[in-house]
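Dumped input-v1.cif below, it's mmCIF, C-alpha atoms and all ligand atoms:
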data_coords
#
loop_
_atom_site.label_atom_id
_atom_site.label_comp_id
_atom_site.auth_asym_id
_atom_site.auth_seq_id
_atom_site.Cartn_x
_atom_site.Cartn_y
_atom_site.Cartn_z
CA MET A 1 78.11 31.76 0.15
CA PHE A 2 76.89 29.78 3.14
CA ALA A 3 75.61 26.34 2.28
CA LYS A 4 72.22 25.24 3.46
CA ARG A 5 72.74 24.86 7.19
CA ASN A 6 72.20 21.66 9.05
CA PRO A 7 68.72 21.60 10.62
CA ALA A 8 70.03 21.99 14.17
CA ARG A 9 67.40 22.91 16.70
CA LEU A 10 67.39 26.33 18.30
CA VAL A 11 69.11 26.53 21.68
CA LYS A 12 68.74 29.67 23.77
CA ILE A 13 71.82 30.79 25.70
CA GLY A 14 71.21 34.01 27.63
CA THR A 15 70.35 36.59 24.99
CA LEU A 16 71.73 34.35 22.23
CA ALA A 17 69.91 31.98 19.96
CA MET A 18 72.17 29.26 18.57
CA GLY A 19 71.23 26.80 15.83
CA GLY A 20 67.84 27.00 14.16
CA GLY A 21 69.36 28.84 11.20
CA GLN A 22 70.60 31.71 13.37
CA PRO A 23 73.91 33.41 12.50
CA ILE A 24 77.00 31.49 13.55
CA VAL A 25 78.16 32.67 16.96
CA LEU A 26 81.77 33.69 17.65
CA GLN A 27 83.04 32.78 21.08
CA SER A 28 86.18 32.70 23.17
CA MET A 29 87.42 31.89 26.65
CA CYS A 30 89.12 33.89 29.38
CA ALA A 31 92.78 33.06 29.95
CA THR A 32 92.92 34.98 33.23
CA LYS A 33 92.75 33.45 36.70
CA THR A 34 89.02 33.37 37.38
CA ALA A 35 89.54 34.29 41.04
CA ASP A 36 91.19 37.52 39.83
CA ILE A 37 87.89 39.38 39.44
CA GLU A 38 89.36 42.56 37.97
CA ALA A 39 91.39 40.77 35.33
CA THR A 40 88.63 38.34 34.38
CA ALA A 41 85.88 40.96 34.21
CA ALA A 42 88.19 43.05 32.00
CA GLN A 43 88.84 40.01 29.78
CA VAL A 44 85.11 39.36 29.43
CA ASP A 45 84.68 43.01 28.37
CA GLN A 46 87.62 42.78 25.95
CA LEU A 47 86.20 39.69 24.23
CA THR A 48 82.65 41.05 24.16
CA ALA A 49 83.84 44.33 22.65
CA ALA A 50 85.68 42.32 19.98
CA GLY A 51 82.41 40.61 19.04
CA ALA A 52 82.19 37.48 21.16
CA GLY A 53 78.57 36.41 21.57
CA LEU A 54 79.54 34.07 24.38
CA VAL A 55 82.49 34.11 26.77
CA ARG A 56 83.61 31.03 28.70
CA VAL A 57 85.19 31.09 32.13
CA ALA A 58 86.79 28.10 33.90
CA VAL A 59 85.94 27.25 37.50
CA ASP A 60 87.69 24.67 39.64
CA THR A 61 87.45 26.03 43.21
CA ALA A 62 85.06 27.71 45.63
CA ALA A 63 87.06 30.93 45.15
CA ASP A 64 86.44 30.74 41.40
CA CYS A 65 82.70 30.33 42.05
CA ARG A 66 82.60 33.35 44.35
CA ALA A 67 84.51 35.38 41.79
CA LEU A 68 82.10 34.39 39.05
CA ALA A 69 79.18 35.74 41.08
CA GLU A 70 80.89 39.13 41.19
CA ILE A 71 81.91 38.97 37.51
CA ARG A 72 78.24 38.34 36.66
CA ARG A 73 77.30 41.54 38.47
CA ARG A 74 79.78 43.48 36.35
CA THR A 75 78.79 42.29 32.88
CA GLN A 76 75.80 41.72 30.66
CA ALA A 77 77.78 39.28 28.49
CA ASN A 78 76.48 35.79 27.85
CA LEU A 79 78.65 33.64 30.08
CA SER A 80 79.50 29.98 29.84
CA VAL A 81 81.24 28.11 32.62
CA ASP A 82 83.82 25.42 31.94
CA LEU A 83 83.68 22.49 34.36
CA GLN A 84 86.28 19.77 34.43
CA GLU A 85 86.63 17.17 37.15
CA ASN A 86 84.50 18.70 39.89
CA TYR A 87 81.13 18.56 38.15
CA ARG A 88 79.26 19.39 41.38
CA LEU A 89 80.49 22.98 41.13
CA ALA A 90 77.75 23.39 38.54
CA ALA A 91 75.26 23.98 41.35
CA GLU A 92 77.39 26.84 42.71
CA VAL A 93 77.88 28.65 39.42
CA ALA A 94 74.67 28.00 37.51
CA PRO A 95 72.93 31.09 38.97
CA TRP A 96 75.62 33.28 37.39
CA VAL A 97 75.97 31.82 33.89
CA ASP A 98 73.93 31.04 30.79
CA LYS A 99 75.60 27.80 29.77
CA ILE A 100 77.50 24.98 31.44
CA ARG A 101 80.16 23.03 29.54
CA TYR A 102 81.07 19.60 30.84
CA ASN A 103 83.55 17.09 29.46
CA PRO A 104 82.31 13.47 29.44
CA GLY A 105 85.90 12.32 29.85
CA HIS A 106 86.21 14.16 33.15
CA LEU A 107 83.10 12.84 34.88
CA TYR A 108 85.05 9.85 36.16
CA HIS A 109 87.53 11.54 38.43
CA HIS A 110 85.26 12.50 41.33
CA GLN A 111 82.84 10.14 43.11
CA ARG A 112 83.95 7.09 41.13
CA ASN A 113 81.18 5.02 42.72
CA VAL A 114 78.47 7.30 41.25
CA PRO A 115 77.37 6.24 37.74
CA TRP A 116 78.07 8.82 35.04
CA GLU A 117 74.36 8.82 34.18
CA ASP A 118 73.56 10.17 37.65
CA LYS A 119 76.13 12.91 37.21
CA VAL A 120 74.63 13.97 33.89
CA ARG A 121 71.16 13.91 35.44
CA PHE A 122 72.46 16.22 38.17
CA LEU A 123 73.92 18.59 35.57
CA ALA A 124 70.72 18.62 33.53
CA GLU A 125 68.62 19.33 36.64
CA VAL A 126 70.94 22.16 37.70
CA ALA A 127 70.89 23.64 34.20
CA ALA A 128 67.10 23.43 33.94
CA ALA A 129 66.62 25.00 37.38
CA HIS A 130 68.81 27.97 36.46
CA ASP A 131 67.75 28.60 32.86
CA CYS A 132 71.10 27.38 31.48
CA ALA A 133 72.03 25.48 28.36
CA LEU A 134 74.60 22.68 28.40
CA ARG A 135 77.51 21.79 26.15
CA VAL A 136 78.76 18.23 25.92
CA GLY A 137 82.41 19.04 25.23
CA VAL A 138 84.40 16.03 24.00
CA ASN A 139 88.14 16.57 23.69
CA CYS A 140 90.74 14.26 22.12
CA GLY A 141 93.12 14.76 25.04
CA SER A 142 90.64 13.50 27.64
CA VAL A 143 88.25 11.01 26.06
CA ASP A 144 86.01 8.92 28.32
CA PRO A 145 88.31 6.00 29.26
CA ALA A 146 85.48 3.45 29.01
CA LYS A 147 84.84 4.49 25.42
CA THR A 148 88.55 4.48 24.60
CA ASP A 149 88.78 0.87 25.82
CA ARG A 150 85.61 -0.27 24.09
CA TYR A 151 86.54 1.21 20.72
CA ALA A 152 90.29 0.65 20.90
CA ALA A 153 90.20 -1.33 17.66
CA ASP A 154 88.37 1.46 15.82
CA GLY A 155 90.63 4.31 16.88
CA PRO A 156 90.11 7.47 18.93
CA LEU A 157 87.56 9.18 16.67
CA ARG A 158 85.06 6.37 17.19
CA ALA A 159 85.47 6.72 20.97
CA MET A 160 84.89 10.47 20.76
CA LEU A 161 81.86 10.06 18.53
CA GLU A 162 80.23 7.35 20.64
CA SER A 163 80.87 9.33 23.82
CA ALA A 164 79.08 12.37 22.40
CA LEU A 165 76.19 10.31 21.01
CA GLU A 166 75.71 8.49 24.29
CA HIS A 167 75.46 11.74 26.23
CA CYS A 168 73.00 13.17 23.71
CA GLU A 169 70.81 10.09 24.06
CA LEU A 170 70.82 10.34 27.83
CA LEU A 171 70.02 14.06 27.82
CA ASP A 172 67.17 13.39 25.40
CA ARG A 173 65.82 10.63 27.65
CA LEU A 174 65.99 13.02 30.58
CA GLY A 175 63.91 15.49 28.58
CA PHE A 176 66.73 18.06 28.45
CA THR A 177 67.24 19.16 24.87
CA ARG A 178 68.77 22.57 25.42
CA TYR A 179 72.30 21.46 24.66
CA CYS A 180 74.98 21.58 22.00
CA VAL A 181 77.99 19.36 21.37
CA SER A 182 81.63 19.86 20.52
CA LEU A 183 84.13 17.28 19.27
CA LYS A 184 87.59 18.76 19.27
CA ASP A 185 90.90 17.33 18.16
CA SER A 186 94.25 19.00 17.58
CA ASP A 187 94.40 17.50 14.07
CA PRO A 188 92.20 19.50 11.65
CA ALA A 189 91.50 16.45 9.46
CA LYS A 190 90.14 14.57 12.48
CA VAL A 191 87.96 17.53 13.46
CA VAL A 192 86.42 17.47 10.00
CA GLU A 193 85.90 13.73 10.05
CA VAL A 194 84.40 13.35 13.51
CA ASN A 195 82.10 16.36 13.15
CA ARG A 196 80.86 15.13 9.78
CA GLN A 197 80.09 11.76 11.29
CA PHE A 198 78.30 13.33 14.25
CA ALA A 199 76.29 15.69 12.03
CA ARG A 200 75.15 12.74 9.93
CA ARG A 201 73.91 10.93 13.03
CA ARG A 202 72.51 13.94 14.92
CA PRO A 203 71.79 16.79 12.50
CA ASP A 204 69.36 18.18 15.07
CA VAL A 205 72.08 18.97 17.64
CA PRO A 206 73.84 22.35 17.34
CA LEU A 207 77.60 21.99 16.95
CA HIS A 208 80.34 24.09 18.49
CA LEU A 209 83.35 23.82 16.19
CA GLY A 210 87.02 24.28 17.02
CA VAL A 211 90.49 22.81 16.82
CA THR A 212 91.77 22.19 20.30
CA GLU A 213 95.36 23.22 21.03
CA ALA A 214 95.63 24.75 17.58
CA GLY A 215 98.71 26.65 18.72
CA MET A 216 100.21 30.05 18.05
CA PRO A 217 99.25 32.34 15.19
CA PRO A 218 99.62 32.16 12.27
CA GLU A 219 99.82 28.35 12.33
CA GLY A 220 96.93 28.03 14.79
CA ILE A 221 94.69 30.11 12.53
CA CYS A 222 95.68 28.02 9.48
CA LYS A 223 94.86 24.77 11.29
CA THR A 224 91.51 26.12 12.46
CA ARG A 225 90.66 27.35 9.00
CA ALA A 226 91.58 23.95 7.54
CA ALA A 227 89.09 22.26 9.88
CA LEU A 228 86.27 24.77 10.01
CA MET A 229 86.06 25.89 6.40
CA PRO A 230 85.02 22.49 4.94
CA LEU A 231 82.53 21.93 7.75
CA LEU A 232 80.95 25.37 7.58
CA ALA A 233 80.86 25.21 3.78
CA GLN A 234 78.87 22.01 4.18
CA GLY A 235 76.39 23.71 6.52
CA ILE A 236 77.78 22.11 9.68
CA GLY A 237 78.46 24.29 12.74
CA ASP A 238 76.51 26.83 14.78
CA THR A 239 79.25 28.44 16.86
CA ILE A 240 83.01 28.60 16.44
CA ARG A 241 86.02 29.18 18.61
CA VAL A 242 89.53 29.79 17.32
CA SER A 243 91.86 28.64 20.11
CA LEU A 244 95.15 30.51 19.99
CA THR A 245 98.19 30.43 22.24
CA VAL A 246 98.49 34.16 22.86
CA PRO A 247 98.86 36.23 26.04
CA ALA A 248 95.59 37.20 27.74
CA ALA A 249 95.92 40.76 26.47
CA ARG A 250 95.70 39.44 22.88
CA LYS A 251 92.78 37.05 23.35
CA HIS A 252 90.55 39.25 21.19
CA GLU A 253 92.62 37.97 18.25
CA GLU A 254 90.64 34.72 18.53
CA ILE A 255 87.45 36.63 17.71
CA ALA A 256 89.09 38.51 14.84
CA ALA A 257 90.37 35.23 13.38
CA GLY A 258 86.93 33.65 13.70
CA ARG A 259 85.27 36.62 12.03
CA GLN A 260 87.75 36.42 9.16
CA ILE A 261 86.81 32.77 8.62
CA LEU A 262 83.11 33.64 8.51
CA ASP A 263 83.69 36.64 6.25
CA ASP A 264 85.78 34.55 3.86
CA LEU A 265 83.16 31.84 3.86
CA ALA A 266 80.43 34.35 3.03
CA ALA A 267 82.58 35.74 0.21
CA GLY A 268 83.32 32.27 -1.18
CA ARG A 269 87.01 32.41 -0.18
CA THR A 270 87.00 28.89 1.15
CA LEU A 271 90.52 27.77 0.19
CA VAL A 272 92.47 26.21 3.02
CA PRO A 273 96.22 25.70 3.38
CA ASP A 274 97.04 22.34 1.78
CA GLU A 275 100.01 21.63 4.03
CA VAL A 276 98.78 21.90 7.59
CA ALA A 277 100.23 18.94 9.42
CA GLY A 278 101.91 15.67 8.75
CA THR A 279 104.70 16.81 6.48
CA ARG A 280 106.22 19.55 8.62
CA LEU A 281 107.04 20.21 12.25
CA ASN A 282 103.70 20.57 13.98
CA ILE A 283 103.59 22.42 17.29
CA ILE A 284 100.41 21.86 19.24
CA SER A 285 99.79 24.25 22.11
CA CYS A 286 96.73 25.00 24.19
CA PRO A 287 95.15 28.46 24.33
CA SER A 288 95.71 28.57 28.14
CA CYS A 289 92.95 29.39 30.57
CA SER A 290 92.42 29.96 34.27
CA ARG A 291 93.93 26.54 34.95
CA VAL A 292 97.35 27.30 33.47
CA GLU A 293 99.93 26.20 36.02
CA ASN A 294 102.54 28.88 35.35
CA ALA A 295 102.23 32.32 33.78
CA ALA A 296 105.36 31.51 31.77
CA PHE A 297 103.40 29.06 29.60
CA VAL A 298 102.74 31.27 26.57
CA ALA A 299 106.37 32.44 26.52
CA LEU A 300 107.47 28.81 26.81
CA ALA A 301 105.40 27.85 23.79
CA GLU A 302 107.00 30.67 21.79
CA GLN A 303 110.46 29.61 22.97
CA VAL A 304 109.77 26.01 21.93
CA ARG A 305 108.80 27.20 18.46
CA ALA A 306 111.98 29.27 18.17
CA ALA A 307 114.23 26.56 19.60
CA THR A 308 112.93 23.86 17.26
CA ARG A 309 112.80 25.91 14.08
CA TYR A 310 115.76 24.00 12.66
CA ALA A 311 113.46 20.96 12.38
CA ALA A 312 110.74 22.90 10.55
CA ASP A 313 110.72 20.58 7.53
CA LEU A 314 110.44 17.34 9.50
CA PRO A 315 107.18 15.49 10.17
CA ILE A 316 107.44 15.71 13.95
CA THR A 317 104.75 16.78 16.41
CA ILE A 318 105.57 18.61 19.64
CA ALA A 319 102.82 19.36 22.18
CA VAL A 320 103.17 22.22 24.67
CA MET A 321 100.35 22.34 27.19
CA GLY A 322 99.46 24.63 30.07
CA CYS A 323 98.36 22.08 32.66
CA ARG A 324 97.53 18.45 33.33
CA VAL A 325 93.89 18.66 32.16
CA ASN A 326 94.70 17.79 28.56
CA GLY A 327 98.50 17.87 28.83
CA PRO A 328 99.34 14.18 29.41
CA GLY A 329 96.80 13.07 26.79
CA GLU A 330 98.14 15.40 24.11
CA ALA A 331 101.71 14.46 25.07
CA ASP A 332 100.84 10.81 24.46
CA HIS A 333 99.76 11.58 20.92
CA ALA A 334 102.80 13.73 20.13
CA ASP A 335 106.38 12.69 19.37
CA LEU A 336 107.51 14.99 22.17
CA GLY A 337 105.10 16.39 24.71
CA LEU A 338 105.49 19.03 27.42
CA TRP A 339 102.95 20.07 29.99
CA CYS A 340 103.41 22.66 32.67
CA GLY A 341 103.44 22.22 36.40
CA PRO A 342 103.77 25.12 38.86
CA ALA A 343 107.58 24.95 39.08
CA SER A 344 108.61 22.44 36.44
CA VAL A 345 107.67 21.11 33.03
CA ASN A 346 106.87 17.45 32.42
CA LEU A 347 108.32 15.85 29.31
CA LYS A 348 107.24 12.76 27.39
CA ARG A 349 108.71 11.13 24.30
CA GLY A 350 106.41 8.85 22.34
CA GLY A 351 104.15 8.53 25.38
CA ALA A 352 106.98 7.56 27.77
CA VAL A 353 107.62 9.88 30.71
CA LEU A 354 111.15 11.30 30.62
CA GLY A 355 110.85 13.36 33.78
CA SER A 356 110.13 16.80 35.10
CA PHE A 357 112.51 19.67 34.38
CA GLY A 358 112.83 23.25 35.60
CA TYR A 359 111.63 26.06 33.34
CA SER A 360 115.28 27.07 32.79
CA GLU A 361 116.29 23.49 31.85
CA ILE A 362 113.45 22.31 29.67
CA LEU A 363 114.49 23.85 26.35
CA ALA A 364 117.94 22.25 26.40
CA ARG A 365 116.41 18.90 27.32
CA LEU A 366 113.80 19.23 24.60
CA ARG A 367 116.44 19.97 21.97
CA ALA A 368 118.48 16.97 23.09
CA GLU A 369 115.42 14.74 22.73
CA LEU A 370 114.52 16.27 19.39
CA ASN A 371 118.05 15.64 18.10
CA ALA A 372 117.88 12.05 19.31
CA LEU A 373 114.53 11.63 17.62
CA ILE A 374 115.85 13.02 14.34
CA ALA A 375 118.95 10.83 14.52
CA SER A 376 116.85 7.73 15.20
CA CYS A 377 114.84 8.10 12.02
CA PRO A 378 116.77 7.49 8.80
CA THR A 379 114.35 9.55 6.72
CA ASN A 380 114.91 12.59 8.89
CA ARG A 381 117.50 15.11 7.93
CA ASN A 382 120.26 15.88 10.42
CA PRO A 383 119.59 19.18 12.20
S1 LIG B 1 95.51 22.41 28.89
FE1 LIG B 1 95.01 23.35 30.86
S2 LIG B 1 95.72 25.49 30.71
FE2 LIG B 1 95.60 24.67 28.63
S3 LIG B 1 93.56 25.30 27.94
FE3 LIG B 1 93.40 23.18 28.70
S4 LIG B 1 92.75 23.42 30.82
FE4 LIG B 1 93.53 25.42 30.15
#
Please re-express this file's structure in structure tokens.
Amino acid sequence: MFAKRNPARLVKIGTLAMGGGQPIVLQSMCATKTADIEATAAQVDQLTAAGAGLVRVAVDTAADCRALAEIRRRTQANLSVDLQENYRLAAEVAPWVDKIRYNPGHLYHHQRNVPWEDKVRFLAEVAAAHDCALRVGVNCGSVDPAKTDRYAADGPLRAMLESALEHCELLDRLGFTRYCVSLKDSDPAKVVEVNRQFARRRPDVPLHLGVTEAGMPPEGICKTRAALMPLLAQGIGDTIRVSLTVPAARKHEEIAAGRQILDDLAAGRTLVPDEVAGTRLNIISCPSCSRVENAAFVALAEQVRAATRYAADLPITIAVMGCRVNGPGEADHADLGLWCGPASVNLKRGGAVLGSFGYSEILARLRAELNALIASCPTNRNP
């Protein structure tokens, strides 16, 4: 049974109504190159047919914006656009979408002399002018650096929480209340904790729930279930996304996994795996999107899982990321972190950069570093 839902206000997104006691919305994101109109329009159709109430598309360039205009003409789906560093692209794409997602941690990269408050005001004005909702999307791999510094003593969850709260307060002051919030981490326990804290402080704000970089199925589904089930059972959450590292052709599996979570919740099957992370090898990998630097990324993630299986029982975290957006940040948090460039893969160990290696070299280098890591820790078993 669903618990009494948090009293989040109703936010209209295209034909959707989110929050306000409405059914929880399933959503996903295109993993195709946005400028590839045929592939992206087909992916929007694939996800919509699977049951996505909202489909997100990333834009980073003028070509992406032009493509989105054409994709809009081809679909009736509710579309969300994902902005990262270039927040001004919002003005180009707002006519074609129903929701704009921005990341507070990425508002610092462009126009560093412009206060972040002015940038949020710009986004709110663009959204209001084009009948769009907003999402304040906070991600553990790219937290606002000012908040990270200010709350260094309290840890990263405090920085994420304060960043989200600060943006909500500003949007409220601007008179723009048609927004939701997400607070995503790759650790399910942290997702539960930070969303509970946010919901206590702002029960009126609809929440988009998800585990970022949850990884490949089945582990990625288990991690997501471990985070979402306790929150949803407590009445927290208005839309969910299951992020899975799968090829674009299998992206509909994210919707199926999300529906299974909601069905199980409704049937009272709320048990979650009790051994998700911390005691076993934990592979974090992003779901990929239009920004992925090399089409080999998903295969690389699968190869990393296969090549490191011998360490399955060790409490080691390996991050495998598709690009630099959240790659370096996730790599810092992992014991070993990889993130893709166009022709090579960057590798970090414990936050220290080890170098950049070709796609044909990286697995051997990773195994060498993993062996060294295992050997350096007396509690670890020899591989
Ligand atoms: S890390 Fe890069 S490729 Fe992966 S989902 Fe995030 S933005 Fe997309």
Quick one: residues within 8 Å of stretch 73-78 of chain A, all atoms listed in the file, excluding same-chain residues fewer than 4 positions away - as a PDB file with C-alpha atoms, in the frame of the given file?
ATOM      1  CA  ILE A  13      71.820  30.790  25.700  1.00  0.00           C
ATOM      2  CA  GLY A  14      71.210  34.010  27.630  1.00  0.00           C
ATOM      3  CA  THR A  15      70.350  36.590  24.990  1.00  0.00           C
ATOM      4  CA  LEU A  16      71.730  34.350  22.230  1.00  0.00           C
ATOM      5  CA  ALA A  41      85.880  40.960  34.210  1.00  0.00           C
ATOM      6  CA  VAL A  44      85.110  39.360  29.430  1.00  0.00           C
ATOM      7  CA  ASP A  45      84.680  43.010  28.370  1.00  0.00           C
ATOM      8  CA  THR A  48      82.650  41.050  24.160  1.00  0.00           C
ATOM      9  CA  GLY A  53      78.570  36.410  21.570  1.00  0.00           C
ATOM     10  CA  LEU A  54      79.540  34.070  24.380  1.00  0.00           C
ATOM     11  CA  VAL A  55      82.490  34.110  26.770  1.00  0.00           C
ATOM     12  CA  ALA A  69      79.180  35.740  41.080  1.00  0.00           C
ATOM     13  CA  VAL A  97      75.970  31.820  33.890  1.00  0.00           C
ATOM     14  CA  ASP A  98      73.930  31.040  30.790  1.00  0.00           C
TER      15      ASP A  98
END
### Message
What does the structure give for the distance between atom CA of A:Leu165 and atom CA of A:Ile240, in Å to one decimal?
### Response
20.0 Å
### Task
With all atoms listed in the file counted, collect every polymer residue having an atom within 10 Å of ligand LIG 1 (chain B); state the result as a PyMOL selection string.
chain A and resi 29-31+58+82-84+139+141+212-213+243-245+285-295+297-298+320-330+339-340
### Query
Pick the closest to A:Ile71 from A:Ala368, A:Ala90, A:Leu209, A:Ala39: which is it, counting all atoms listed in the file?
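Looking only at the distances to A:Ile71, the closest residue turns out to be A:Ala39.
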### Query
Looking at only C-alpha atoms, which of A:Gly155, A:Pro217, A:Pro273, A:Pro203 is the one that sits closest to A:Pro247?
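Answer, going by the shortest atom-to-atom distance: A:Pro217.
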### Message
Between atom CA of A:Ala35 and atom CA of A:Pro342, what is the distance in Å, rounded to a tenth?
### Response
17.1 Å
### Top pick for closest residue to A:Arg196, considering A:Leu228, A:Gly137, A:Ala91, A:Arg280 and counting only C-alpha atoms
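That would be A:Leu228, the residue with the smallest distance to A:Arg196.
Considering the residues A:Asp36, A:Asp131, A:Glu117, A:Asp185 and counting all atoms listed in the file, A:Ala227 has its shortest atom-to-atom contact with A:Asp185.
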Mind filling out stretch 4-15 of chain A with N, CA and C atoms and sending it as a compact mmCIF listing (two decimals), keeping the file's coordinate frame?
# COMPACT_ATOMS: atom_id res chain seq x y z
N LYS A 4 73.42 25.48 2.64
CA LYS A 4 72.22 25.24 3.46
C LYS A 4 72.67 24.66 4.80
N ARG A 5 72.26 25.28 5.87
CA ARG A 5 72.74 24.86 7.19
C ARG A 5 72.05 23.58 7.64
N ASN A 6 72.79 22.84 8.44
CA ASN A 6 72.20 21.66 9.05
C ASN A 6 70.96 22.06 9.87
N PRO A 7 69.95 21.20 9.92
CA PRO A 7 68.72 21.60 10.62
C PRO A 7 68.82 21.47 12.13
N ALA A 8 69.86 22.08 12.72
CA ALA A 8 70.03 21.99 14.17
C ALA A 8 68.91 22.75 14.86
N ARG A 9 68.47 22.23 15.97
CA ARG A 9 67.40 22.91 16.70
C ARG A 9 67.93 24.18 17.36
N LEU A 10 67.02 25.07 17.68
CA LEU A 10 67.39 26.33 18.30
C LEU A 10 67.64 26.11 19.79
N VAL A 11 68.79 26.62 20.25
CA VAL A 11 69.11 26.53 21.68
C VAL A 11 69.35 27.95 22.19
N LYS A 12 68.61 28.32 23.22
CA LYS A 12 68.74 29.67 23.77
C LYS A 12 69.83 29.67 24.84
N ILE A 13 70.73 30.65 24.73
CA ILE A 13 71.82 30.79 25.70
C ILE A 13 71.87 32.25 26.11
N GLY A 14 71.30 32.60 27.25
CA GLY A 14 71.21 34.01 27.63
C GLY A 14 70.42 34.76 26.57
N THR A 15 71.04 35.81 26.02
CA THR A 15 70.35 36.59 24.99
C THR A 15 70.60 36.03 23.59
